[in-house]
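Coordinates as given in data-v3.csv (CSV, C-alpha atoms):
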chain,number,residue,atom,x,y,z
A,475,MET,CA,4.4,-10.1,-14.0
A,476,PRO,CA,7.0,-7.3,-14.5
A,477,LEU,CA,8.2,-6.2,-11.1
A,478,SER,CA,7.7,-2.6,-12.1
A,479,GLU,CA,4.0,-3.1,-11.9
A,480,ASN,CA,4.3,-2.8,-8.1
A,481,ARG,CA,3.8,0.7,-6.9
A,482,VAL,CA,4.7,2.7,-3.8
A,483,ILE,CA,2.7,5.9,-3.5
A,484,ILE,CA,3.8,8.5,-1.0
A,485,ALA,CA,0.6,10.6,-0.6
A,486,CYS,CA,0.2,13.7,1.5
A,487,ALA,CA,-2.8,14.3,3.8
A,488,GLY,CA,-6.0,15.1,1.8
A,489,SER,CA,-4.5,13.9,-1.5
A,490,GLY,CA,-7.3,11.3,-1.9
A,491,LYS,CA,-5.2,8.2,-1.4
A,492,THR,CA,-8.0,6.1,0.1
A,493,THR,CA,-10.4,7.2,-2.6
A,494,ARG,CA,-7.7,6.2,-5.1
A,495,LEU,CA,-7.6,2.7,-3.7
A,496,VAL,CA,-11.3,2.4,-3.9
A,497,THR,CA,-11.6,3.9,-7.4
A,498,GLU,CA,-8.8,1.6,-8.8
A,499,ALA,CA,-10.5,-1.5,-7.2
A,500,LEU,CA,-13.9,-0.6,-8.7
A,501,ALA,CA,-12.3,-0.1,-12.1
A,502,SER,CA,-10.7,-3.6,-12.0
A,503,ARG,CA,-13.7,-5.9,-11.7
A,504,ASP,CA,-11.9,-8.6,-13.8
A,505,ARG,CA,-9.2,-8.9,-11.0
A,506,ARG,CA,-9.3,-10.3,-7.5
A,507,ILE,CA,-8.2,-7.7,-4.9
A,508,ALA,CA,-7.3,-7.6,-1.2
A,509,ILE,CA,-7.2,-4.2,0.5
A,510,VAL,CA,-5.2,-4.4,3.7
A,511,THR,CA,-4.8,-1.7,6.3
A,512,TYR,CA,-3.5,-1.5,9.9
A,513,THR,CA,-6.5,-0.6,12.1
A,514,ASN,CA,-10.2,-1.5,12.3
A,515,ASN,CA,-11.0,2.2,12.0
A,516,ASN,CA,-9.2,2.2,8.6
A,517,THR,CA,-11.1,-0.8,7.4
A,518,ARG,CA,-14.4,0.8,8.3
A,519,GLU,CA,-13.4,4.0,6.5
A,520,ILE,CA,-12.5,2.0,3.4
A,521,GLY,CA,-15.9,0.2,3.6
A,522,LYS,CA,-17.6,3.6,3.9
A,523,ARG,CA,-15.8,4.9,0.7
A,524,PHE,CA,-17.0,1.8,-1.2
A,525,GLY,CA,-20.5,2.6,0.1
A,526,GLU,CA,-20.3,6.1,-1.2
A,527,GLN,CA,-19.1,5.0,-4.7
A,528,ASN,CA,-20.7,1.6,-5.1
A,529,SER,CA,-23.3,1.0,-2.4
A,530,GLY,CA,-21.0,-1.5,-0.8
A,531,ILE,CA,-17.8,-3.6,-1.1
A,532,PRO,CA,-18.0,-5.5,-4.4
A,533,LYS,CA,-17.5,-9.3,-4.6
A,534,HIS,CA,-14.1,-9.1,-6.2
A,535,VAL,CA,-12.6,-7.2,-3.2
A,536,ASP,CA,-11.8,-8.3,0.3
A,537,VAL,CA,-11.0,-5.7,3.0
A,538,MET,CA,-9.1,-6.8,6.1
A,539,THR,CA,-6.7,-5.6,8.8
A,540,TRP,CA,-2.9,-6.3,8.5
A,541,PHE,CA,-2.9,-8.7,11.4
A,542,GLY,CA,-6.0,-10.5,10.1
A,543,PHE,CA,-4.2,-10.9,6.7
A,544,LEU,CA,-1.0,-12.2,8.3
A,545,LEU,CA,-2.9,-14.7,10.5
A,546,ARG,CA,-5.6,-16.1,8.2
A,547,GLU,CA,-3.9,-15.8,4.8
A,548,CYS,CA,-0.2,-16.2,5.6
A,549,ALA,CA,0.5,-17.9,8.9
A,550,ARG,CA,-2.2,-20.6,9.3
A,551,PRO,CA,-2.2,-22.2,5.9
A,552,TYR,CA,1.5,-23.2,6.0
A,553,GLN,CA,2.2,-23.1,9.8
A,554,ARG,CA,3.2,-26.8,9.8
A,555,SER,CA,6.3,-25.9,7.8
A,556,LYS,CA,7.5,-24.1,11.0
A,557,TYR,CA,5.2,-25.2,13.9
A,558,ALA,CA,2.9,-28.3,14.0
A,559,GLU,CA,2.1,-28.7,17.7
A,560,LYS,CA,-1.2,-26.8,17.7
A,561,ARG,CA,-3.4,-24.7,15.4
A,562,ILE,CA,-2.6,-21.0,15.7
A,563,GLU,CA,-5.8,-19.7,17.3
A,564,SER,CA,-5.2,-16.0,17.5
A,565,LEU,CA,-2.7,-13.2,18.3
A,566,LEU,CA,-1.5,-11.9,21.6
A,567,PHE,CA,-0.9,-8.2,21.1
A,568,VAL,CA,2.2,-6.9,22.8
A,569,SER,CA,3.4,-3.3,23.2
A,570,GLN,CA,7.0,-4.3,24.0
A,571,GLN,CA,9.1,-6.8,22.3
A,572,SER,CA,8.1,-10.3,23.5
A,573,ALA,CA,10.1,-13.4,24.4
A,574,HIS,CA,13.3,-11.5,23.6
A,575,CYS,CA,15.4,-13.8,25.8
A,576,VAL,CA,14.1,-17.0,24.2
A,577,GLN,CA,16.3,-18.6,21.5
A,578,GLU,CA,14.7,-18.9,18.0
A,579,SER,CA,15.5,-22.6,18.1
A,580,ASP,CA,12.8,-22.9,20.8
A,581,THR,CA,10.0,-22.2,18.3
A,582,ARG,CA,7.1,-22.7,20.8
A,583,ARG,CA,8.4,-20.2,23.4
A,584,HIS,CA,9.9,-17.8,21.0
A,585,TYR,CA,6.8,-17.2,18.9
A,586,PHE,CA,3.9,-18.3,21.1
A,587,ALA,CA,2.1,-17.9,24.4
A,588,ASN,CA,0.4,-21.1,25.6
A,589,GLY,CA,1.4,-22.7,22.3
A,590,GLU,CA,-1.5,-21.3,20.3
A,591,LEU,CA,-1.4,-17.5,20.7
A,592,ILE,CA,1.2,-16.0,18.5
A,593,TYR,CA,2.9,-12.8,19.6
A,594,SER,CA,1.9,-9.8,17.4
A,595,ASP,CA,5.5,-8.7,17.1
A,596,LYS,CA,6.6,-12.2,16.0
A,597,ILE,CA,3.9,-13.2,13.5
A,598,ALA,CA,5.5,-11.5,10.5
A,599,LYS,CA,8.8,-13.2,11.3
A,600,PHE,CA,6.9,-16.5,11.5
A,601,VAL,CA,5.4,-15.8,8.1
A,602,VAL,CA,8.8,-15.2,6.5
A,603,GLU,CA,10.0,-18.5,8.0
A,604,CYS,CA,7.0,-20.3,6.6
A,605,GLU,CA,7.6,-18.9,3.2
A,606,LYS,CA,11.2,-20.0,3.3
A,607,ASN,CA,10.5,-23.5,4.7
A,608,SER,CA,7.6,-24.2,2.3
A,609,LEU,CA,9.6,-23.1,-0.8
A,610,LYS,CA,7.5,-20.0,-1.3
A,611,ALA,CA,4.1,-21.8,-0.9
A,612,VAL,CA,2.8,-18.9,1.2
A,613,THR,CA,3.0,-16.3,-1.7
A,614,ALA,CA,2.1,-19.0,-4.3
A,615,ARG,CA,-1.2,-19.6,-2.5
A,616,LEU,CA,-1.9,-15.9,-2.2
A,617,GLY,CA,-1.2,-15.5,-5.9
A,618,GLY,CA,-3.7,-18.2,-6.6
A,619,ILE,CA,-6.4,-16.2,-4.7
A,620,TYR,CA,-5.5,-12.6,-5.4
A,621,THR,CA,-4.2,-10.8,-8.4
A,622,ASP,CA,-3.7,-7.5,-6.5
A,623,LEU,CA,-2.8,-6.5,-3.0
A,624,PHE,CA,-3.5,-2.9,-2.0
A,625,ILE,CA,-1.9,-1.9,1.4
A,626,ASP,CA,-3.1,1.4,2.9
A,627,GLU,CA,-1.3,3.4,5.6
A,628,PHE,CA,1.9,1.4,4.9
A,629,GLN,CA,3.9,3.9,7.0
A,630,ASP,CA,2.5,2.2,10.1
A,631,LEU,CA,4.3,-1.1,9.1
A,632,SER,CA,7.5,-1.8,11.0
A,633,GLY,CA,9.8,-4.6,12.1
A,634,TRP,CA,9.4,-7.9,10.4
A,635,ASP,CA,6.3,-6.6,8.7
A,636,LEU,CA,8.5,-4.8,6.2
A,637,GLU,CA,10.2,-8.1,5.4
A,638,VAL,CA,6.8,-9.5,4.6
A,639,ILE,CA,6.2,-6.6,2.2
A,640,GLU,CA,9.5,-7.3,0.5
A,641,MET,CA,8.5,-10.9,0.2
A,642,LEU,CA,5.2,-9.9,-1.4
A,643,LEU,CA,7.0,-7.4,-3.8
A,644,GLN,CA,9.0,-10.4,-5.1
A,645,SER,CA,5.9,-12.5,-5.7
A,646,ASN,CA,3.5,-12.8,-8.7
A,647,ILE,CA,0.9,-10.6,-7.0
A,648,ARG,CA,0.7,-7.0,-8.1
A,649,VAL,CA,1.3,-4.8,-5.0
A,650,MET,CA,0.3,-1.2,-4.3
A,651,LEU,CA,1.5,0.5,-1.1
A,652,VAL,CA,0.0,3.8,-0.2
A,653,GLY,CA,0.8,6.0,2.8
A,654,ASP,CA,2.0,9.2,4.3
A,655,PRO,CA,5.3,8.9,6.3
A,656,ARG,CA,4.4,12.2,8.0
A,657,GLN,CA,1.4,10.5,9.6
A,658,HIS,CA,3.3,7.7,11.3
A,659,ILE,CA,1.8,7.7,14.8
A,660,TYR,CA,1.2,3.9,15.2
A,661,SER,CA,3.6,1.0,14.6
A,662,THR,CA,2.6,-2.6,13.9
A,663,SER,CA,5.6,-3.9,16.0
A,664,PRO,CA,8.0,-2.8,18.7
A,665,SER,CA,10.7,-5.0,17.2
A,666,GLN,CA,14.2,-3.7,16.7
A,667,LYS,CA,14.2,-5.2,13.2
A,668,ASN,CA,14.2,-2.4,10.5
A,669,ARG,CA,14.2,0.3,13.2
A,670,GLN,CA,16.2,2.5,10.8
A,671,TYR,CA,13.1,2.8,8.6
A,672,LEU,CA,10.6,4.0,11.1
A,673,GLY,CA,8.5,7.1,10.3
A,674,ALA,CA,9.6,9.3,7.5
A,675,LYS,CA,12.7,7.1,7.0
A,676,ILE,CA,10.4,4.5,5.4
A,677,VAL,CA,10.8,6.6,2.2
A,678,GLU,CA,14.5,5.5,2.1
A,679,LEU,CA,13.3,1.8,2.1
A,680,ALA,CA,10.9,2.5,-0.7
A,681,GLN,CA,13.7,4.1,-2.7
A,682,ARG,CA,15.8,1.0,-2.1
A,683,TRP,CA,13.0,-1.2,-3.4
A,684,GLU,CA,12.7,1.0,-6.4
A,685,GLY,CA,16.5,0.9,-7.0
A,686,SER,CA,16.3,-2.9,-6.9
A,687,GLY,CA,13.5,-3.0,-9.5
A,688,LEU,CA,10.9,-4.2,-7.0
A,689,CYS,CA,8.5,-1.2,-7.5
A,690,SER,CA,8.0,2.2,-8.9
A,691,LEU,CA,7.8,5.2,-6.6
A,692,GLU,CA,5.3,8.0,-6.9
A,693,TYR,CA,4.6,11.1,-4.9
A,694,LEU,CA,1.3,12.8,-4.5
A,695,SER,CA,2.0,16.2,-2.9
A,696,ALA,CA,-1.2,18.1,-3.7
A,697,THR,CA,-4.0,18.2,-1.1
A,698,HIS,CA,-7.7,18.8,-1.8
A,699,ARG,CA,-8.3,19.4,1.9
A,700,CYS,CA,-5.9,22.0,3.4
A,701,SER,CA,-5.6,25.7,2.6
A,702,THR,CA,-2.3,27.2,1.5
A,703,ALA,CA,-1.5,28.6,5.0
A,704,ILE,CA,-2.1,25.2,6.6
A,705,CYS,CA,0.2,23.5,4.0
A,706,GLU,CA,2.9,26.1,4.7
A,707,PHE,CA,2.8,25.5,8.5
A,708,SER,CA,2.9,21.7,8.0
A,709,ASN,CA,5.7,21.9,5.4
A,710,ALA,CA,7.9,23.7,8.0
A,711,LEU,CA,7.7,20.6,10.2
A,712,TRP,CA,9.3,18.5,7.5
A,713,PRO,CA,12.3,20.3,5.9
A,714,GLY,CA,13.7,18.1,3.1
A,715,MET,CA,10.5,16.4,2.3
A,716,ASP,CA,8.3,17.1,-0.7
A,717,ALA,CA,6.2,20.2,0.2
A,718,MET,CA,2.4,19.9,0.3
A,719,ALA,CA,0.5,22.2,-2.1
A,720,SER,CA,-3.1,23.3,-1.8
A,721,LEU,CA,-5.6,22.7,-4.6
A,722,GLN,CA,-8.1,25.0,-2.9
A,723,SER,CA,-9.2,27.7,-5.3
A,724,GLY,CA,-11.6,29.7,-3.0
A,725,THR,CA,-11.3,31.2,0.4
A,726,ALA,CA,-13.4,31.2,3.5
A,727,ASP,CA,-14.0,34.0,5.9
A,728,HIS,CA,-11.4,32.7,8.4
A,729,ASP,CA,-8.5,31.0,6.5
A,730,GLY,CA,-5.1,30.5,8.0
A,731,VAL,CA,-3.2,29.5,11.2
A,732,PHE,CA,-3.9,31.5,14.4
A,733,LEU,CA,-3.0,31.9,18.0
A,734,VAL,CA,-5.9,32.2,20.5
A,735,ALA,CA,-5.3,33.4,24.1
A,736,GLU,CA,-6.6,31.1,26.7
A,737,ASN,CA,-9.1,33.7,28.0
A,738,ALA,CA,-10.5,34.0,24.4
A,739,VAL,CA,-11.1,30.3,23.8
A,740,ALA,CA,-14.8,30.3,24.7
A,741,ASN,CA,-15.5,33.2,22.3
A,742,TYR,CA,-13.4,31.6,19.5
A,743,ILE,CA,-15.3,28.3,19.8
A,744,GLN,CA,-18.7,30.1,19.9
A,745,HIS,CA,-17.7,32.1,16.8
A,746,TYR,CA,-16.1,29.5,14.6
A,747,ARG,CA,-17.2,26.1,16.0
A,748,PRO,CA,-13.8,24.4,15.5
A,749,GLN,CA,-13.2,20.7,16.5
A,750,VAL,CA,-11.0,20.7,19.6
A,751,LEU,CA,-8.0,18.4,19.2
A,752,ARG,CA,-5.8,17.3,22.1
A,753,TYR,CA,-2.8,15.0,22.5
A,754,ASP,CA,-4.5,12.8,25.1
A,755,LYS,CA,-7.2,12.9,27.8
A,756,ARG,CA,-4.9,14.6,30.2
A,757,ALA,CA,-5.1,17.9,28.3
A,758,LYS,CA,-7.3,20.7,29.3
A,759,THR,CA,-10.3,21.1,26.9
A,760,TYR,CA,-12.1,24.1,28.5
A,761,GLY,CA,-15.3,22.1,28.9
A,762,TYR,CA,-15.6,21.2,25.1
A,763,GLU,CA,-15.7,17.8,23.5
A,764,ALA,CA,-12.2,17.0,22.2
A,765,VAL,CA,-10.7,14.3,20.0
A,766,ASN,CA,-7.2,12.9,20.6
A,767,PHE,CA,-4.7,13.5,17.8
A,768,GLY,CA,-4.3,9.8,17.1
A,769,LEU,CA,-8.0,9.2,16.9
A,770,ALA,CA,-8.5,12.1,14.5
A,771,LYS,CA,-6.3,10.4,11.9
A,772,GLY,CA,-8.5,9.9,8.8
A,773,LEU,CA,-11.0,12.6,9.8
A,774,GLN,CA,-11.4,16.0,8.4
A,775,PHE,CA,-13.0,19.3,9.7
A,776,ASP,CA,-13.5,22.8,8.4
A,777,ARG,CA,-11.6,24.2,11.5
A,778,VAL,CA,-9.6,22.8,14.4
A,779,LEU,CA,-8.5,24.2,17.7
A,780,ILE,CA,-5.4,22.5,19.0
A,781,VAL,CA,-4.5,22.3,22.7
A,782,PRO,CA,-0.7,22.2,22.6
A,783,THR,CA,1.5,20.0,24.6
A,784,ALA,CA,4.7,21.3,26.3
A,785,PRO,CA,6.9,20.4,23.3
A,786,ILE,CA,4.5,22.0,20.9
A,787,LYS,CA,4.4,25.1,23.0
A,788,LYS,CA,8.2,25.2,23.0
A,789,TYR,CA,8.2,24.9,19.2
A,790,LEU,CA,5.6,27.7,18.9
A,791,GLN,CA,7.8,29.8,21.2
A,792,THR,CA,11.1,29.2,19.4
A,793,GLY,CA,10.5,27.7,16.0
A,794,VAL,CA,13.1,25.1,16.8
A,795,LEU,CA,12.0,21.6,15.6
A,796,ASN,CA,14.3,19.7,18.0
A,797,HIS,CA,11.9,20.5,20.8
A,798,MET,CA,9.2,18.3,19.4
A,799,MET,CA,10.8,15.6,17.2
A,800,ARG,CA,8.9,12.9,19.1
A,801,THR,CA,5.5,14.6,18.6
A,802,ARG,CA,5.6,16.3,15.2
A,803,GLU,CA,3.9,13.3,13.4
A,804,ARG,CA,0.9,13.7,15.8
A,805,LEU,CA,1.0,17.5,15.3
A,806,HIS,CA,1.1,17.0,11.6
A,807,VAL,CA,-2.0,14.8,11.8
A,808,ALA,CA,-3.8,17.3,13.9
A,809,VAL,CA,-3.0,20.3,11.7
A,810,THR,CA,-3.9,18.5,8.5
A,811,ARG,CA,-7.4,17.6,9.7
A,812,ALA,CA,-8.5,21.1,8.9
A,813,ARG,CA,-9.7,22.5,5.6
A,814,HIS,CA,-9.7,26.3,6.3
A,815,SER,CA,-8.2,27.2,9.7
A,816,VAL,CA,-6.0,25.9,12.5
A,817,ALA,CA,-5.8,27.6,15.9
A,818,PHE,CA,-3.5,27.0,18.9
A,819,VAL,CA,-4.4,27.9,22.4
A,820,PHE,CA,-1.3,30.0,23.2
A,821,ASP,CA,-0.8,33.2,25.1
A,822,ASP,CA,2.8,34.0,24.0
A,823,HIS,CA,4.2,35.4,20.7
A,824,SER,CA,5.4,33.0,18.1
A,825,PRO,CA,8.0,33.2,15.3
A,826,VAL,CA,6.1,30.5,13.4
A,827,VAL,CA,2.5,31.8,13.7
A,828,SER,CA,2.0,35.5,13.2
A,829,ASN,CA,-1.8,35.8,13.3
A,830,ARG,CA,-3.5,36.3,16.6
A,831,TRP,CA,-7.2,36.1,16.9
A,832,SER,CA,-9.0,38.5,19.2
A,833,PRO,CA,-12.8,38.8,19.7

Represent the supplied structure as structure tokens.
Amino acid sequence: MPLSENRVIIACAGSGKTTRLVTEALASRDRRIAIVTYTNNNTREIGKRFGEQNSGIPKHVDVMTWFGFLLRECARPYQRSKYAEKRIESLLFVSQQSAHCVQESDTRRHYFANGELIYSDKIAKFVVECEKNSLKAVTARLGGIYTDLFIDEFQDLSGWDLEVIEMLLQSNIRVMLVGDPRQHIYSTSPSQKNRQYLGAKIVELAQRWEGSGLCSLEYLSATHRCSTAICEFSNALWPGMDAMASLQSGTADHDGVFLVAENAVANYIQHYRPQVLRYDKRAKTYGYEAVNFGLAKGLQFDRVLIVPTAPIKKYLQTGVLNHMMRTRERLHVAVTRARHSVAFVFDDHSPVVSNRWSP
């Protein structure tokens, strides 16, 4: 297989990237395809899309989470090339780097808790070692099962997981990676490995892969979802990146980005019925049902009302991005859930949002 058949697609919010994965899979019934994504929510969304187009997931397609793929299809089959004491039963998920003081030569303690639970931040490294020790038997086996591997939300991959991706790009499996670096709000690993490629920086890694002949790189910058005003607000968060462009042709009666005074929130919600979005459960939601920014990822609404955090308020006050560099991915996710309008609960004036709604 020519390496150029591998593709990395940088796709903006609302560009139809998940629909594209499903459509390509359905059009390739003579091939055997695995679709892999980070979270259980994403696997359910992919299954839902297959249900809409095909009444269910077809027999030639397997849908699984990233960690399920690593455990069942990569680590277990050739674990004896690295570790033969016990069968790897499951993962132990860690939020901080595990066993960092244990030497790699102590395989059992470096990779495992209780000898049979492999640390989530170490499983990708373990897979790379198995591939090396087994003379590439891991990818050879995968290539005997699947012709294609589609990886959705690849911007969430980090640490040694990116080494696994490079390993797969060098195999005889046709790989397609799809994601939006601006929606990087989760990470598969807290490992220091490949930290330079976190978030939007993963584009630099994709460009390096392209330069090495491992893949072609494609950008999808047109969104079917967001209005022009929403695109312009989001683009300002990401200077230097390809700008989103709206494919919307019509207009609604309340298009754009707005400020809403706190004492007008009840009237605004009664009038427009937006989905309230918040950073987390500590935020004030004025008695209305709210969704956290992170949990809203993958969802879409006609209108959203955002309860801003202190850094987002500082950005609205000053227009200076440095105030919210650690939260702009989550703000981007929140803003791009909306088709027609985005509103912020904000009493002050803003250099970045000129429209103020009043009842």

Tell me which protein, DNA and RNA residues are within 12 Å of Thr581 of chain A, counting only C-alpha atoms, leaving out same-chain ones fewer than 4 positions away, and put them as a ChimeraX atom specification. /A:553-559,573,576-577,585-587,589-590,592-593,596-597,599-600,603

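Remark: for Asn737 of chain A, the closest of the candidate residues A:Val809, A:Val819, A:Ala487, A:Ala770 is A:Val819 (distances computed over only C-alpha atoms).
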
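For the pair atom CA of Leu651 of chain A and atom CA of Arg804 of chain A, the interatomic distance is 21.5 Å.
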
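In this comparison, which uses all atoms listed in the file, the residue of A:Ile659, A:Leu790, A:Leu795, A:Ala817 approaching Lys771 of chain A most closely is A:Ile659.
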
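Shortest atom-to-atom contact with Asp727 of chain A among A:Ser579, A:Gln670, A:Thr493, A:Ser815: A:Ser815, counting all atoms listed in the file.
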
Work out how far atom CA of Pro785 of chain A is from atom CA of Leu711 of chain A, in Å to one decimal. 13.1 Å

Spatial neighbours of Glu519 of chain A, 12 Å, all atoms listed in the file, chain gap at least 2 places, as a VMD selection string: chain A and resid 492 to 493 495 to 496 509 511 to 517 521 to 526 530 to 531 537 to 539 626 771 to 773

Atom-to-atom span, atom CA of Gly687 of chain A and atom CA of Leu545 of chain A, Å: 28.4 Å

For the contact check between segment 478-556 of chain A and segment 617-621 of chain A, emit one row per residue of segment 478-556 of chain A within 10 Å, containing the shortest atom pair and the distance in Å rounded to one decimal, counting all atoms listed in the file, chain then rising number order, as JSON lines.
{"residue": "A:Asp504", "atom": "CA", "partner": "A:Thr621", "partner_atom": "CA", "distance": 9.7}
{"residue": "A:Arg505", "atom": "CA", "partner": "A:Thr621", "partner_atom": "CA", "distance": 5.9}
{"residue": "A:Arg506", "atom": "CA", "partner": "A:Tyr620", "partner_atom": "CA", "distance": 4.9}
{"residue": "A:Ile507", "atom": "CA", "partner": "A:Tyr620", "partner_atom": "CA", "distance": 5.6}
{"residue": "A:Ala508", "atom": "CA", "partner": "A:Tyr620", "partner_atom": "CA", "distance": 6.8}
{"residue": "A:His534", "atom": "CA", "partner": "A:Tyr620", "partner_atom": "CA", "distance": 9.3}
{"residue": "A:Val535", "atom": "CA", "partner": "A:Tyr620", "partner_atom": "CA", "distance": 9.2}
{"residue": "A:Asp536", "atom": "CA", "partner": "A:Tyr620", "partner_atom": "CA", "distance": 9.5}
{"residue": "A:Glu547", "atom": "CA", "partner": "A:Ile619", "partner_atom": "CA", "distance": 9.8}

Complete the atoms of segment 553-574 of chain A to N, CA and C atoms and put them out as a PDB file, keeping the file's coordinate frame.
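Result file part-v8.pdb:
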ATOM      1  N   GLN A 553       1.500 -23.150   8.471  1.00  0.00           N
ATOM      2  CA  GLN A 553       2.200 -23.100   9.800  1.00  0.00           C
ATOM      3  C   GLN A 553       2.936 -24.398  10.053  1.00  0.00           C
ATOM      4  N   ARG A 554       2.495 -25.532   9.499  1.00  0.00           N
ATOM      5  CA  ARG A 554       3.200 -26.800   9.800  1.00  0.00           C
ATOM      6  C   ARG A 554       4.578 -26.852   9.249  1.00  0.00           C
ATOM      7  N   SER A 555       4.914 -25.977   8.308  1.00  0.00           N
ATOM      8  CA  SER A 555       6.300 -25.900   7.800  1.00  0.00           C
ATOM      9  C   SER A 555       7.245 -25.370   8.890  1.00  0.00           C
ATOM     10  N   LYS A 556       6.655 -24.733   9.919  1.00  0.00           N
ATOM     11  CA  LYS A 556       7.500 -24.100  11.000  1.00  0.00           C
ATOM     12  C   LYS A 556       7.035 -24.641  12.373  1.00  0.00           C
ATOM     13  N   TYR A 557       5.736 -24.916  12.546  1.00  0.00           N
ATOM     14  CA  TYR A 557       5.200 -25.200  13.900  1.00  0.00           C
ATOM     15  C   TYR A 557       3.969 -26.116  13.717  1.00  0.00           C
ATOM     16  N   ALA A 558       4.041 -27.361  14.193  1.00  0.00           N
ATOM     17  CA  ALA A 558       2.900 -28.300  14.000  1.00  0.00           C
ATOM     18  C   ALA A 558       2.275 -28.773  15.259  1.00  0.00           C
ATOM     19  N   GLU A 559       2.642 -28.216  16.409  1.00  0.00           N
ATOM     20  CA  GLU A 559       2.100 -28.700  17.700  1.00  0.00           C
ATOM     21  C   GLU A 559       0.595 -28.411  17.810  1.00  0.00           C
ATOM     22  N   LYS A 560       0.200 -27.158  17.571  1.00  0.00           N
ATOM     23  CA  LYS A 560      -1.200 -26.800  17.700  1.00  0.00           C
ATOM     24  C   LYS A 560      -1.571 -25.786  16.600  1.00  0.00           C
ATOM     25  N   ARG A 561      -2.867 -25.698  16.337  1.00  0.00           N
ATOM     26  CA  ARG A 561      -3.400 -24.700  15.400  1.00  0.00           C
ATOM     27  C   ARG A 561      -3.179 -23.312  16.039  1.00  0.00           C
ATOM     28  N   ILE A 562      -2.736 -22.345  15.248  1.00  0.00           N
ATOM     29  CA  ILE A 562      -2.600 -21.000  15.700  1.00  0.00           C
ATOM     30  C   ILE A 562      -4.036 -20.409  15.838  1.00  0.00           C
ATOM     31  N   GLU A 563      -4.479 -20.142  17.057  1.00  0.00           N
ATOM     32  CA  GLU A 563      -5.800 -19.700  17.300  1.00  0.00           C
ATOM     33  C   GLU A 563      -6.011 -18.192  17.070  1.00  0.00           C
ATOM     34  N   SER A 564      -5.059 -17.423  17.564  1.00  0.00           N
ATOM     35  CA  SER A 564      -5.200 -16.000  17.500  1.00  0.00           C
ATOM     36  C   SER A 564      -3.869 -15.313  17.812  1.00  0.00           C
ATOM     37  N   LEU A 565      -3.896 -13.987  17.924  1.00  0.00           N
ATOM     38  CA  LEU A 565      -2.700 -13.200  18.300  1.00  0.00           C
ATOM     39  C   LEU A 565      -2.765 -12.764  19.714  1.00  0.00           C
ATOM     40  N   LEU A 566      -1.612 -12.609  20.306  1.00  0.00           N
ATOM     41  CA  LEU A 566      -1.500 -11.900  21.600  1.00  0.00           C
ATOM     42  C   LEU A 566      -0.759 -10.629  21.327  1.00  0.00           C
ATOM     43  N   PHE A 567      -1.483  -9.543  21.451  1.00  0.00           N
ATOM     44  CA  PHE A 567      -0.900  -8.200  21.100  1.00  0.00           C
ATOM     45  C   PHE A 567       0.017  -7.787  22.239  1.00  0.00           C
ATOM     46  N   VAL A 568       1.200  -7.326  21.850  1.00  0.00           N
ATOM     47  CA  VAL A 568       2.200  -6.900  22.800  1.00  0.00           C
ATOM     48  C   VAL A 568       2.633  -5.464  22.446  1.00  0.00           C
ATOM     49  N   SER A 569       2.924  -4.676  23.463  1.00  0.00           N
ATOM     50  CA  SER A 569       3.400  -3.300  23.200  1.00  0.00           C
ATOM     51  C   SER A 569       4.897  -3.190  23.351  1.00  0.00           C
ATOM     52  N   GLN A 570       5.528  -4.215  23.949  1.00  0.00           N
ATOM     53  CA  GLN A 570       7.000  -4.300  24.000  1.00  0.00           C
ATOM     54  C   GLN A 570       7.428  -5.596  23.400  1.00  0.00           C
ATOM     55  N   GLN A 571       8.675  -5.628  22.937  1.00  0.00           N
ATOM     56  CA  GLN A 571       9.100  -6.800  22.300  1.00  0.00           C
ATOM     57  C   GLN A 571       9.015  -8.041  23.164  1.00  0.00           C
ATOM     58  N   SER A 572       8.408  -9.106  22.645  1.00  0.00           N
ATOM     59  CA  SER A 572       8.100 -10.300  23.500  1.00  0.00           C
ATOM     60  C   SER A 572       9.171 -11.344  23.363  1.00  0.00           C
ATOM     61  N   ALA A 573       9.256 -12.150  24.398  1.00  0.00           N
ATOM     62  CA  ALA A 573      10.100 -13.400  24.400  1.00  0.00           C
ATOM     63  C   ALA A 573      11.513 -13.081  23.882  1.00  0.00           C
ATOM     64  N   HIS A 574      12.063 -11.898  24.205  1.00  0.00           N
ATOM     65  CA  HIS A 574      13.300 -11.500  23.600  1.00  0.00           C
ATOM     66  C   HIS A 574      14.512 -12.343  24.090  1.00  0.00           C
TER      67      HIS A 574
END
